[in-house]
file target.cif (mmCIF, C-alpha atoms and all ligand atoms; chains and numbers go by the auth columns)
data_coords
loop_
_atom_site.group_PDB
_atom_site.id
_atom_site.type_symbol
_atom_site.label_atom_id
_atom_site.label_comp_id
_atom_site.label_asym_id
_atom_site.label_seq_id
_atom_site.Cartn_x
_atom_site.Cartn_y
_atom_site.Cartn_z
_atom_site.B_iso_or_equiv
_atom_site.auth_seq_id
_atom_site.auth_asym_id
ATOM 1 C CA MET A 1 0.000 0.000 0.000 0.00 1 A
ATOM 2 C CA LYS A 2 1.198 3.495 -0.784 0.00 2 A
ATOM 3 C CA HIS A 3 1.930 5.589 2.264 0.00 3 A
ATOM 4 C CA GLU A 4 1.875 9.031 0.723 0.00 4 A
ATOM 5 C CA GLU A 5 -1.574 9.738 2.180 0.00 5 A
ATOM 6 C CA HIS A 6 -1.633 12.374 4.901 0.00 6 A
ATOM 7 C CA GLY A 7 -4.139 13.590 7.432 0.00 7 A
ATOM 8 C CA SER A 8 -4.732 10.193 9.012 0.00 8 A
ATOM 9 C CA ILE A 9 -5.694 9.765 12.634 0.00 9 A
ATOM 10 C CA GLU A 10 -3.608 7.966 15.219 0.00 10 A
ATOM 11 C CA THR A 11 -4.571 4.317 15.537 0.00 11 A
ATOM 12 C CA PRO A 12 -5.888 3.419 18.992 0.00 12 A
ATOM 13 C CA SER A 13 -3.927 0.640 20.653 0.00 13 A
ATOM 14 C CA ALA A 14 -5.569 -2.739 20.994 0.00 14 A
ATOM 15 C CA PRO A 15 -7.491 -3.143 24.274 0.00 15 A
ATOM 16 C CA PRO A 16 -6.386 -6.038 26.540 0.00 16 A
ATOM 17 C CA VAL A 17 -9.341 -8.182 25.452 0.00 17 A
ATOM 18 C CA ALA A 18 -8.047 -8.160 21.856 0.00 18 A
ATOM 19 C CA ARG A 19 -5.203 -10.489 22.821 0.00 19 A
ATOM 20 C CA GLY A 20 -7.657 -13.139 23.971 0.00 20 A
ATOM 21 C CA VAL A 21 -9.809 -12.739 20.857 0.00 21 A
ATOM 22 C CA PHE A 22 -7.047 -12.646 18.206 0.00 22 A
ATOM 23 C CA SER A 23 -4.322 -14.684 19.957 0.00 23 A
ATOM 24 C CA ALA A 24 -1.389 -15.165 17.575 0.00 24 A
ATOM 25 C CA ALA A 25 -3.148 -13.092 14.898 0.00 25 A
ATOM 26 C CA LEU A 26 -3.100 -9.907 17.016 0.00 26 A
ATOM 27 C CA PRO A 27 -0.114 -8.339 15.183 0.00 27 A
ATOM 28 C CA LEU A 28 -1.969 -8.734 11.858 0.00 28 A
ATOM 29 C CA ALA A 29 -5.145 -7.269 13.369 0.00 29 A
ATOM 30 C CA GLU A 30 -3.089 -4.306 14.635 0.00 30 A
ATOM 31 C CA ARG A 31 -1.644 -3.718 11.170 0.00 31 A
ATOM 32 C CA TYR A 32 -5.122 -3.834 9.654 0.00 32 A
ATOM 33 C CA ALA A 33 -6.370 -1.349 12.290 0.00 33 A
ATOM 34 C CA ALA A 34 -3.508 0.982 11.348 0.00 34 A
ATOM 35 C CA LEU A 35 -4.388 0.736 7.643 0.00 35 A
ATOM 36 C CA LEU A 36 -8.052 1.507 8.377 0.00 36 A
ATOM 37 C CA ALA A 37 -7.069 4.535 10.484 0.00 37 A
ATOM 38 C CA ASP A 38 -4.651 5.759 7.809 0.00 38 A
ATOM 39 C CA ALA A 39 -5.600 4.991 4.193 0.00 39 A
ATOM 40 C CA GLY A 40 -9.114 3.910 5.213 0.00 40 A
ATOM 41 C CA THR A 41 -10.015 7.348 6.564 0.00 41 A
ATOM 42 C CA VAL A 42 -8.031 9.328 3.994 0.00 42 A
ATOM 43 C CA ARG A 43 -9.893 7.545 1.183 0.00 43 A
ATOM 44 C CA GLY A 44 -13.251 7.930 2.896 0.00 44 A
ATOM 45 C CA LEU A 45 -13.799 4.202 3.479 0.00 45 A
ATOM 46 C CA ILE A 46 -14.294 4.625 7.186 0.00 46 A
ATOM 47 C CA GLY A 47 -15.434 7.750 9.016 0.00 47 A
ATOM 48 C CA PRO A 48 -12.819 9.565 11.125 0.00 48 A
ATOM 49 C CA ARG A 49 -15.160 9.377 14.113 0.00 49 A
ATOM 50 C CA GLU A 50 -14.932 5.584 13.915 0.00 50 A
ATOM 51 C CA VAL A 51 -11.186 5.538 14.519 0.00 51 A
ATOM 52 C CA PRO A 52 -11.235 5.916 18.339 0.00 52 A
ATOM 53 C CA ARG A 53 -13.670 3.003 18.497 0.00 53 A
ATOM 54 C CA LEU A 54 -12.092 0.840 15.791 0.00 54 A
ATOM 55 C CA TRP A 55 -11.500 -2.070 18.152 0.00 55 A
ATOM 56 C CA GLU A 56 -14.760 -2.098 20.085 0.00 56 A
ATOM 57 C CA ARG A 57 -17.153 -1.306 17.218 0.00 57 A
ATOM 58 C CA HIS A 58 -15.373 -2.924 14.297 0.00 58 A
ATOM 59 C CA LEU A 59 -12.485 -5.342 14.802 0.00 59 A
ATOM 60 C CA LEU A 60 -13.618 -7.177 17.928 0.00 60 A
ATOM 61 C CA ASN A 61 -17.266 -7.554 17.018 0.00 61 A
ATOM 62 C CA CYS A 62 -16.446 -8.726 13.494 0.00 62 A
ATOM 63 C CA ALA A 63 -13.897 -11.201 14.868 0.00 63 A
ATOM 64 C CA LEU A 64 -16.457 -12.777 17.195 0.00 64 A
ATOM 65 C CA VAL A 65 -18.654 -13.818 14.249 0.00 65 A
ATOM 66 C CA THR A 66 -16.101 -16.543 13.551 0.00 66 A
ATOM 67 C CA ASP A 67 -17.309 -18.296 16.724 0.00 67 A
ATOM 68 C CA LEU A 68 -20.267 -19.403 14.565 0.00 68 A
ATOM 69 C CA VAL A 69 -18.109 -20.782 11.729 0.00 69 A
ATOM 70 C CA ALA A 70 -16.857 -24.383 11.501 0.00 70 A
ATOM 71 C CA PRO A 71 -13.159 -25.161 10.927 0.00 71 A
ATOM 72 C CA GLY A 72 -12.021 -24.950 7.313 0.00 72 A
ATOM 73 C CA ALA A 73 -15.257 -23.368 6.057 0.00 73 A
ATOM 74 C CA SER A 74 -15.552 -21.288 2.903 0.00 74 A
ATOM 75 C CA VAL A 75 -16.955 -17.848 3.746 0.00 75 A
ATOM 76 C CA CYS A 76 -18.362 -15.169 1.442 0.00 76 A
ATOM 77 C CA ASP A 77 -18.688 -11.675 2.919 0.00 77 A
ATOM 78 C CA ILE A 78 -21.005 -9.572 0.807 0.00 78 A
ATOM 79 C CA GLY A 79 -20.730 -5.785 0.736 0.00 79 A
ATOM 80 C CA SER A 80 -17.394 -5.953 2.531 0.00 80 A
ATOM 81 C CA GLY A 81 -16.623 -2.241 2.199 0.00 81 A
ATOM 82 C CA ALA A 82 -13.255 -1.771 3.879 0.00 82 A
ATOM 83 C CA GLY A 83 -13.232 -5.476 4.890 0.00 83 A
ATOM 84 C CA LEU A 84 -15.799 -5.762 7.649 0.00 84 A
ATOM 85 C CA PRO A 85 -16.444 -8.396 8.784 0.00 85 A
ATOM 86 C CA GLY A 86 -14.754 -10.660 6.178 0.00 86 A
ATOM 87 C CA LEU A 87 -11.172 -9.456 6.400 0.00 87 A
ATOM 88 C CA VAL A 88 -11.199 -9.566 10.198 0.00 88 A
ATOM 89 C CA MET A 89 -12.622 -13.095 10.076 0.00 89 A
ATOM 90 C CA ALA A 90 -9.808 -14.154 7.744 0.00 90 A
ATOM 91 C CA ILE A 91 -7.212 -12.604 10.059 0.00 91 A
ATOM 92 C CA ARG A 92 -8.563 -14.310 13.174 0.00 92 A
ATOM 93 C CA ARG A 93 -9.139 -17.651 11.453 0.00 93 A
ATOM 94 C CA PRO A 94 -6.450 -18.581 8.902 0.00 94 A
ATOM 95 C CA ASP A 95 -8.217 -21.938 8.448 0.00 95 A
ATOM 96 C CA LEU A 96 -11.108 -20.202 6.648 0.00 96 A
ATOM 97 C CA SER A 97 -11.193 -19.403 2.901 0.00 97 A
ATOM 98 C CA VAL A 98 -12.763 -15.967 2.699 0.00 98 A
ATOM 99 C CA THR A 99 -14.193 -14.313 -0.434 0.00 99 A
ATOM 100 C CA LEU A 100 -14.881 -10.577 -0.135 0.00 100 A
ATOM 101 C CA VAL A 101 -17.596 -9.442 -2.563 0.00 101 A
ATOM 102 C CA GLU A 102 -17.799 -5.706 -3.101 0.00 102 A
ATOM 103 C CA PRO A 103 -19.002 -3.822 -6.204 0.00 103 A
ATOM 104 C CA LEU A 104 -17.120 -0.521 -5.780 0.00 104 A
ATOM 105 C CA GLN A 105 -13.620 -0.362 -7.240 0.00 105 A
ATOM 106 C CA ARG A 106 -12.379 2.204 -4.720 0.00 106 A
ATOM 107 C CA ARG A 107 -13.135 -0.335 -2.006 0.00 107 A
ATOM 108 C CA THR A 108 -11.843 -3.440 -3.813 0.00 108 A
ATOM 109 C CA SER A 109 -8.559 -1.614 -4.505 0.00 109 A
ATOM 110 C CA PHE A 110 -8.156 -0.989 -0.778 0.00 110 A
ATOM 111 C CA LEU A 111 -9.048 -4.619 -0.029 0.00 111 A
ATOM 112 C CA ASP A 112 -6.509 -5.902 -2.587 0.00 112 A
ATOM 113 C CA GLU A 113 -3.839 -3.676 -1.074 0.00 113 A
ATOM 114 C CA VAL A 114 -4.566 -4.802 2.498 0.00 114 A
ATOM 115 C CA VAL A 115 -4.498 -8.469 1.449 0.00 115 A
ATOM 116 C CA ALA A 116 -1.103 -7.917 -0.215 0.00 116 A
ATOM 117 C CA GLU A 117 0.321 -5.867 2.659 0.00 117 A
ATOM 118 C CA LEU A 118 -0.731 -8.398 5.310 0.00 118 A
ATOM 119 C CA ALA A 119 0.271 -11.312 3.020 0.00 119 A
ATOM 120 C CA LEU A 120 -3.062 -13.022 3.623 0.00 120 A
ATOM 121 C CA THR A 121 -3.243 -16.248 1.615 0.00 121 A
ATOM 122 C CA ASN A 122 -6.821 -17.153 2.581 0.00 122 A
ATOM 123 C CA VAL A 123 -8.609 -14.154 1.038 0.00 123 A
ATOM 124 C CA GLU A 124 -10.045 -13.601 -2.443 0.00 124 A
ATOM 125 C CA VAL A 125 -11.428 -10.197 -3.482 0.00 125 A
ATOM 126 C CA VAL A 126 -14.225 -10.204 -6.070 0.00 126 A
ATOM 127 C CA ARG A 127 -15.523 -6.967 -7.538 0.00 127 A
ATOM 128 C CA ALA A 128 -19.216 -7.667 -8.096 0.00 128 A
ATOM 129 C CA ARG A 129 -22.679 -7.288 -6.696 0.00 129 A
ATOM 130 C CA ALA A 130 -23.706 -10.330 -4.670 0.00 130 A
ATOM 131 C CA ASP A 131 -26.530 -11.176 -7.060 0.00 131 A
ATOM 132 C CA ALA A 132 -24.073 -11.357 -9.985 0.00 132 A
ATOM 133 C CA LEU A 133 -22.639 -14.524 -8.384 0.00 133 A
ATOM 134 C CA HIS A 134 -25.991 -16.317 -8.114 0.00 134 A
ATOM 135 C CA GLY A 135 -25.882 -19.680 -9.893 0.00 135 A
ATOM 136 C CA LYS A 136 -22.082 -19.453 -10.207 0.00 136 A
ATOM 137 C CA ARG A 137 -20.675 -19.787 -6.675 0.00 137 A
ATOM 138 C CA THR A 138 -21.775 -21.278 -3.347 0.00 138 A
ATOM 139 C CA PHE A 139 -20.136 -21.138 0.096 0.00 139 A
ATOM 140 C CA ASP A 140 -20.492 -22.788 3.498 0.00 140 A
ATOM 141 C CA VAL A 141 -21.207 -19.436 5.128 0.00 141 A
ATOM 142 C CA VAL A 142 -22.345 -16.047 3.785 0.00 142 A
ATOM 143 C CA THR A 143 -21.859 -13.030 6.068 0.00 143 A
ATOM 144 C CA SER A 144 -22.683 -9.339 5.933 0.00 144 A
ATOM 145 C CA ARG A 145 -22.814 -6.201 8.043 0.00 145 A
ATOM 146 C CA ALA A 146 -24.664 -2.945 7.312 0.00 146 A
ATOM 147 C CA VAL A 147 -25.431 -3.864 3.702 0.00 147 A
ATOM 148 C CA ALA A 148 -29.246 -3.957 3.385 0.00 148 A
ATOM 149 C CA PRO A 149 -32.452 -4.693 5.321 0.00 149 A
ATOM 150 C CA LEU A 150 -32.722 -8.378 6.199 0.00 150 A
ATOM 151 C CA ASP A 151 -35.448 -9.221 3.658 0.00 151 A
ATOM 152 C CA ARG A 152 -33.381 -7.891 0.737 0.00 152 A
ATOM 153 C CA LEU A 153 -30.214 -9.370 2.206 0.00 153 A
ATOM 154 C CA ALA A 154 -31.839 -12.821 2.367 0.00 154 A
ATOM 155 C CA GLY A 155 -32.567 -12.626 -1.376 0.00 155 A
ATOM 156 C CA TRP A 156 -28.964 -11.658 -2.121 0.00 156 A
ATOM 157 C CA SER A 157 -27.288 -14.056 0.329 0.00 157 A
ATOM 158 C CA LEU A 158 -29.211 -17.333 0.444 0.00 158 A
ATOM 159 C CA PRO A 159 -28.625 -18.229 -3.255 0.00 159 A
ATOM 160 C CA LEU A 160 -24.897 -18.132 -2.403 0.00 160 A
ATOM 161 C CA VAL A 161 -25.214 -20.588 0.514 0.00 161 A
ATOM 162 C CA GLY A 162 -24.637 -24.284 -0.171 0.00 162 A
ATOM 163 C CA LEU A 163 -27.186 -26.794 1.170 0.00 163 A
ATOM 164 C CA GLY A 164 -26.796 -27.099 4.943 0.00 164 A
ATOM 165 C CA GLY A 165 -24.689 -23.940 5.084 0.00 165 A
ATOM 166 C CA SER A 166 -25.555 -20.699 6.846 0.00 166 A
ATOM 167 C CA PHE A 167 -26.268 -17.060 6.257 0.00 167 A
ATOM 168 C CA LEU A 168 -25.035 -14.897 9.159 0.00 168 A
ATOM 169 C CA ALA A 169 -26.180 -11.263 9.198 0.00 169 A
ATOM 170 C CA MET A 170 -24.717 -8.876 11.779 0.00 170 A
ATOM 171 C CA LYS A 171 -27.502 -6.576 12.910 0.00 171 A
ATOM 172 C CA GLY A 172 -28.099 -3.775 15.398 0.00 172 A
ATOM 173 C CA SER A 173 -30.592 -3.308 18.189 0.00 173 A
ATOM 174 C CA SER A 174 -33.623 -3.456 15.830 0.00 174 A
ATOM 175 C CA VAL A 175 -32.756 -7.032 14.928 0.00 175 A
ATOM 176 C CA GLN A 176 -36.040 -8.565 16.133 0.00 176 A
ATOM 177 C CA ALA A 177 -38.149 -6.160 14.043 0.00 177 A
ATOM 178 C CA GLU A 178 -35.997 -6.943 10.993 0.00 178 A
ATOM 179 C CA VAL A 179 -36.401 -10.671 11.548 0.00 179 A
ATOM 180 C CA ASP A 180 -40.184 -10.290 11.873 0.00 180 A
ATOM 181 C CA ALA A 181 -40.339 -8.299 8.630 0.00 181 A
ATOM 182 C CA ALA A 182 -38.083 -10.728 6.755 0.00 182 A
ATOM 183 C CA SER A 183 -39.529 -14.099 7.767 0.00 183 A
ATOM 184 C CA SER A 184 -41.389 -14.737 4.502 0.00 184 A
ATOM 185 C CA ALA A 185 -38.432 -13.546 2.370 0.00 185 A
ATOM 186 C CA ILE A 186 -36.166 -15.963 4.260 0.00 186 A
ATOM 187 C CA VAL A 187 -38.502 -18.915 3.628 0.00 187 A
ATOM 188 C CA ALA A 188 -38.990 -17.895 -0.025 0.00 188 A
ATOM 189 C CA ALA A 189 -35.202 -17.939 -0.507 0.00 189 A
ATOM 190 C CA GLY A 190 -34.967 -21.469 0.963 0.00 190 A
ATOM 191 C CA GLY A 191 -33.796 -20.543 4.442 0.00 191 A
ATOM 192 C CA THR A 192 -34.781 -21.583 7.969 0.00 192 A
ATOM 193 C CA LEU A 193 -34.219 -19.057 10.744 0.00 193 A
ATOM 194 C CA THR A 194 -32.394 -20.780 13.584 0.00 194 A
ATOM 195 C CA GLY A 195 -32.184 -17.777 15.895 0.00 195 A
ATOM 196 C CA ILE A 196 -30.506 -14.541 16.859 0.00 196 A
ATOM 197 C CA GLU A 197 -27.089 -15.234 18.352 0.00 197 A
ATOM 198 C CA VAL A 198 -25.708 -12.786 20.914 0.00 198 A
ATOM 199 C CA LEU A 199 -21.899 -12.866 21.095 0.00 199 A
ATOM 200 C CA GLY A 200 -19.327 -11.158 23.305 0.00 200 A
ATOM 201 C CA GLY A 201 -21.702 -9.974 26.023 0.00 201 A
ATOM 202 C CA ASP A 202 -18.835 -10.249 28.526 0.00 202 A
ATOM 203 C CA VAL A 203 -16.407 -8.116 26.504 0.00 203 A
ATOM 204 C CA LEU A 204 -18.447 -5.753 24.320 0.00 204 A
ATOM 205 C CA ASP A 205 -21.220 -3.257 25.009 0.00 205 A
ATOM 206 C CA PRO A 206 -23.408 -3.600 23.031 0.00 206 A
ATOM 207 C CA PRO A 207 -22.764 -7.265 22.253 0.00 207 A
ATOM 208 C CA VAL A 208 -22.775 -8.589 18.677 0.00 208 A
ATOM 209 C CA ARG A 209 -26.153 -9.695 17.343 0.00 209 A
ATOM 210 C CA VAL A 210 -26.128 -12.130 14.461 0.00 210 A
ATOM 211 C CA VAL A 211 -29.167 -13.472 12.622 0.00 211 A
ATOM 212 C CA ARG A 212 -28.482 -17.087 11.751 0.00 212 A
ATOM 213 C CA VAL A 213 -30.338 -18.726 8.870 0.00 213 A
ATOM 214 C CA VAL A 214 -29.647 -22.250 7.602 0.00 214 A
ATOM 215 C CA LYS A 215 -30.147 -23.175 3.946 0.00 215 A
ATOM 216 C CA GLY A 216 -32.525 -26.062 3.305 0.00 216 A
HETATM 217 C C1 LIG B . -22.585 0.601 4.504 0.00 1 B
HETATM 218 S S1 LIG B . -21.407 -0.300 3.627 0.00 1 B
HETATM 219 C C2 LIG B . -20.926 -1.532 4.821 0.00 1 B
HETATM 220 C C3 LIG B . -19.536 -2.019 4.593 0.00 1 B
HETATM 221 C C4 LIG B . -19.061 -3.049 5.608 0.00 1 B
HETATM 222 N N1 LIG B . -19.794 -4.281 5.523 0.00 1 B
HETATM 223 C C5 LIG B . -19.090 -2.500 7.015 0.00 1 B
HETATM 224 O O1 LIG B . -19.829 -3.024 7.840 0.00 1 B
HETATM 225 O O2 LIG B . -18.345 -1.548 7.289 0.00 1 B
HETATM 226 C C6 LIG B . -22.385 -1.268 2.469 0.00 1 B
HETATM 227 C C7 LIG B . -21.543 -1.920 1.394 0.00 1 B
HETATM 228 O O3 LIG B . -22.375 -2.796 0.635 0.00 1 B
HETATM 229 C C8 LIG B . -21.997 -2.704 -0.732 0.00 1 B
HETATM 230 N N2 LIG B . -23.124 -3.191 -1.542 0.00 1 B
HETATM 231 C C9 LIG B . -24.264 -2.530 -1.866 0.00 1 B
HETATM 232 N N3 LIG B . -25.060 -3.308 -2.622 0.00 1 B
HETATM 233 C C10 LIG B . -24.424 -4.495 -2.790 0.00 1 B
HETATM 234 C C11 LIG B . -24.727 -5.713 -3.477 0.00 1 B
HETATM 235 N N4 LIG B . -25.864 -5.880 -4.165 0.00 1 B
HETATM 236 N N5 LIG B . -23.832 -6.721 -3.418 0.00 1 B
HETATM 237 C C12 LIG B . -22.671 -6.581 -2.720 0.00 1 B
HETATM 238 N N6 LIG B . -22.338 -5.457 -2.054 0.00 1 B
HETATM 239 C C13 LIG B . -23.196 -4.422 -2.086 0.00 1 B
HETATM 240 C C14 LIG B . -21.633 -1.236 -0.906 0.00 1 B
HETATM 241 O O4 LIG B . -20.795 -1.004 -2.023 0.00 1 B
HETATM 242 C C15 LIG B . -20.939 -0.934 0.421 0.00 1 B
HETATM 243 O O5 LIG B . -19.541 -1.149 0.345 0.00 1 B
#

call {"tool": "encode", "arguments": {"input": "target.cif", "output": "C-alpha cells", "more": "lines below"}}
Ligand SMILES: C[S@@+](CC[C@H](N)C(=O)[O-])C[C@H]1O[C@@H](n2cnc3c(N)ncnc32)[C@H](O)[C@@H]1O
result
Amino acid sequence: MKHEEHGSIETPSAPPVARGVFSAALPLAERYAALLADAGTVRGLIGPREVPRLWERHLLNCALVTDLVAPGASVCDIGSGAGLPGLVMAIRRPDLSVTLVEPLQRRTSFLDEVVAELALTNVEVVRARADALHGKRTFDVVTSRAVAPLDRLAGWSLPLVGLGGSFLAMKGSSVQAEVDAASSAIVAAGGTLTGIEVLGGDVLDPPVRVVRVVKG
C-alpha cells in the first residue's frame, strides 16, 4: 500500500481483550487497524469518528462472528466495504477461505492492497454485486454487516449458501423487528431461521447480534 496519504488519525492501541480474541493473529489485526485509520479514513472508506472506536465497534465484534463458523469453512462476505467483517474473520481464522464481494472499485482496490500488505493467503477479493454470483458460486457461510435490510439481504445471500450452510447477518438493536419483517423472504429464498445469536456480552457493550439462517 502506498503511504503518501496524509491527514490520518492515530490508531488506537488494541485493548487487553483483543489479545484473547485474536491470539497469535493480534499483530496482523493491529496492522489492519492501522491501515483503516490511515488509508481507510483518507480515502473515505471509514469515518474519522470511527477511529477511536475501531477495536470495540469494528475489529472485535467482526472477529467474534467466527465463533459461529466451523473449521475450514468457505466464507463469502457480501458488501465488505473496507473489509468488515470478512477481512477480520480471515485474520482471526487462517483456516477459513474468505471471499470478499464488493461492487465498488475504490473499495476493492483498498481490499486488494490490504491483502497484499498483510500477506493473507486465505482471502479472495471479487468486484461484483452479490446477485451477480448467483448460480455461479456457493459457500459454506455467507456473512454481511450494514449492507441492506434483512429481507433484501436474504434474497442476495441465500442463493450463495450451499445446502446445509448458513447465512449470518450482523444486525443492530432493531434485529427482532428486521427478523419479523423478513420471515417470509427468508422462507422464499430457501432458508430456515435458527435464531438470533448474541456474542461477546462479557467483553463488548453492546454485544454482537447475528441473525443465523440455515439453507434447506
Ligand atoms: C454501509 S457499507 C458496509 C460495509 C461493511 N460491511 C461494514 O460493515 O463496514 C455497504 C456496502 O455494501 C456494498 N453493496 C451494496 N449493494 C451491494 C450488493 N448488491 N452486493 C454486494 N455489495 C453491495 C456497498 O458497495 C458498500 O460497500

call {"tool": "resolve_selection", "arguments": {"input": "target.cif", "expression": "the PyMOL selection byres (((chain A and resi 189-201) around 8) and not hetatm)", "output": "ChimeraX atom specification"}}
result
/A:61,64-65,154-155,158-159,183,185-188,202-216

call {"tool": "residues_around", "arguments": {"input": "target.cif", "residues": "A:Phe110", "least_positions_apart": "4", "cutoff": "9 Å", "atoms": "all atoms listed in the file", "output": "MDAnalysis selection string"}}
result
chainID A and resid 1 39:40 43 45 82:83 105:106 114:115

call {"tool": "residues_near_ligand", "arguments": {"input": "target.cif", "ligand": "ligand LIG 1 (chain B)", "cutoff": "7 Å", "atoms": "only C-alpha atoms and all ligand atoms", "output": "PDB file with C-alpha atoms, in the coordinates of the input"}}
result
ATOM      1  CA  ILE A  78     -21.005  -9.572   0.807  1.00  0.00           C
ATOM      2  CA  GLY A  79     -20.730  -5.785   0.736  1.00  0.00           C
ATOM      3  CA  SER A  80     -17.394  -5.953   2.531  1.00  0.00           C
ATOM      4  CA  GLY A  81     -16.623  -2.241   2.199  1.00  0.00           C
ATOM      5  CA  ALA A  82     -13.255  -1.771   3.879  1.00  0.00           C
ATOM      6  CA  GLY A  83     -13.232  -5.476   4.890  1.00  0.00           C
ATOM      7  CA  LEU A  84     -15.799  -5.762   7.649  1.00  0.00           C
ATOM      8  CA  PRO A  85     -16.444  -8.396   8.784  1.00  0.00           C
ATOM      9  CA  VAL A 101     -17.596  -9.442  -2.563  1.00  0.00           C
ATOM     10  CA  GLU A 102     -17.799  -5.706  -3.101  1.00  0.00           C
ATOM     11  CA  PRO A 103     -19.002  -3.822  -6.204  1.00  0.00           C
ATOM     12  CA  LEU A 104     -17.120  -0.521  -5.780  1.00  0.00           C
ATOM     13  CA  ARG A 107     -13.135  -0.335  -2.006  1.00  0.00           C
ATOM     14  CA  ALA A 128     -19.216  -7.667  -8.096  1.00  0.00           C
ATOM     15  CA  ARG A 129     -22.679  -7.288  -6.696  1.00  0.00           C
ATOM     16  CA  ALA A 130     -23.706 -10.330  -4.670  1.00  0.00           C
ATOM     17  CA  ASP A 131     -26.530 -11.176  -7.060  1.00  0.00           C
ATOM     18  CA  SER A 144     -22.683  -9.339   5.933  1.00  0.00           C
ATOM     19  CA  ARG A 145     -22.814  -6.201   8.043  1.00  0.00           C
ATOM     20  CA  ALA A 146     -24.664  -2.945   7.312  1.00  0.00           C
ATOM     21  CA  VAL A 147     -25.431  -3.864   3.702  1.00  0.00           C
ATOM     22  CA  TRP A 156     -28.964 -11.658  -2.121  1.00  0.00           C
TER      23      TRP A 156
END

call {"tool": "closest_residue", "arguments": {"input": "target.cif", "among": "A:Ala37, A:Leu150, A:Val88, A:Leu163", "to": "A:Ser184", "atoms": "all atoms listed in the file"}}
result
A:Leu150

call {"tool": "atom_distance", "arguments": {"input": "target.cif", "atom1": "atom CA of A:Ile91", "atom2": "atom CA of A:Ala18"}}
result
12.6 Å

call {"tool": "closest_residue", "arguments": {"input": "target.cif", "among": "A:Pro149, A:Pro12, A:Gly165, A:Gly172", "to": "A:Val69", "atoms": "all atoms listed in the file"}}
result
A:Gly165

call {"tool": "residues_around", "arguments": {"input": "target.cif", "residues": "stretch 121-125 of chain A", "least_positions_apart": "2", "cutoff": "9 Å", "atoms": "all atoms listed in the file", "output": "list in words"}}
result
Gly86, Leu87, Ala90, Ile91, Pro94, Asp95, Leu96, Ser97, Val98, Thr99, Leu100, Val101, Glu102, Thr108, Leu111, Asp112, Val115, Ala116, Ala119 and Arg127 of chain A

call {"tool": "residues_around", "arguments": {"input": "target.cif", "residues": "A:Val17", "least_positions_apart": "5", "cutoff": "10 Å", "atoms": "only C-alpha atoms", "output": "JSON, numbers by chain"}}
result
{"A": [22, 23, 55, 56, 60, 203, 204]}

call {"tool": "atom_distance", "arguments": {"input": "target.cif", "atom1": "atom CA of A:Leu59", "atom2": "atom CA of A:His134"}}
result
28.8 Å

call {"tool": "residues_around", "arguments": {"input": "target.cif", "residues": "stretch 30-32 of chain A", "least_positions_apart": "3", "cutoff": "8 Å", "atoms": "only C-alpha atoms", "output": "ChimeraX atom specification"}}
result
/A:13-14,26-27,35-36,114,118

call {"tool": "write_last_selection", "arguments": {"input": "target.cif", "atoms": "C-alpha atoms", "output": "PDB file, in the frame of the given file"}}
result
ATOM      1  CA  SER A  13      -3.927   0.640  20.653  1.00  0.00           C
ATOM      2  CA  ALA A  14      -5.569  -2.739  20.994  1.00  0.00           C
ATOM      3  CA  LEU A  26      -3.100  -9.907  17.016  1.00  0.00           C
ATOM      4  CA  PRO A  27      -0.114  -8.339  15.183  1.00  0.00           C
ATOM      5  CA  LEU A  35      -4.388   0.736   7.643  1.00  0.00           C
ATOM      6  CA  LEU A  36      -8.052   1.507   8.377  1.00  0.00           C
ATOM      7  CA  VAL A 114      -4.566  -4.802   2.498  1.00  0.00           C
ATOM      8  CA  LEU A 118      -0.731  -8.398   5.310  1.00  0.00           C
TER       9      LEU A 118
END

call {"tool": "atom_distance", "arguments": {"input": "target.cif", "atom1": "atom CA of A:Gly164", "atom2": "atom CA of A:Ser74"}}
result
12.8 Å

call {"tool": "closest_residue", "arguments": {"input": "target.cif", "among": "A:Ala33, A:Gly72, A:Cys62, A:Glu113", "to": "A:Met170", "atoms": "all atoms listed in the file"}}
result
A:Cys62

call {"tool": "axis_aligned_box", "arguments": {"input": "target.cif", "around": "stretch 151-162 of chain A", "padding_each_side": "6 Å", "output": "JSON"}}
result
{"center_x": -30.0, "center_y": -16.1, "center_z": 0.2, "size_x": 22.8, "size_y": 28.4, "size_z": 18.9}

call {"tool": "closest_residue", "arguments": {"input": "target.cif", "among": "A:Gly162, A:Thr11, A:Phe167, A:Ala148", "to": "A:Asp77", "atoms": "only C-alpha atoms"}}
result
A:Phe167

call {"tool": "closest_residue", "arguments": {"input": "target.cif", "among": "A:Glu50, A:Glu117, A:Asp180, A:Asp140", "to": "A:Ala70", "atoms": "only C-alpha atoms"}}
result
A:Asp140

call {"tool": "residues_near_point", "arguments": {"input": "target.cif", "point": "(-26.2, -16.8, 2.6)", "cutoff": "6 Å", "atoms": "only C-alpha atoms", "output": "PDB file with C-alpha atoms, in the coordinates of the input"}}
result
ATOM      1  CA  VAL A 142     -22.345 -16.047   3.785  1.00  0.00           C
ATOM      2  CA  SER A 157     -27.288 -14.056   0.329  1.00  0.00           C
ATOM      3  CA  LEU A 158     -29.211 -17.333   0.444  1.00  0.00           C
ATOM      4  CA  LEU A 160     -24.897 -18.132  -2.403  1.00  0.00           C
ATOM      5  CA  VAL A 161     -25.214 -20.588   0.514  1.00  0.00           C
ATOM      6  CA  SER A 166     -25.555 -20.699   6.846  1.00  0.00           C
ATOM      7  CA  PHE A 167     -26.268 -17.060   6.257  1.00  0.00           C
TER       8      PHE A 167
END
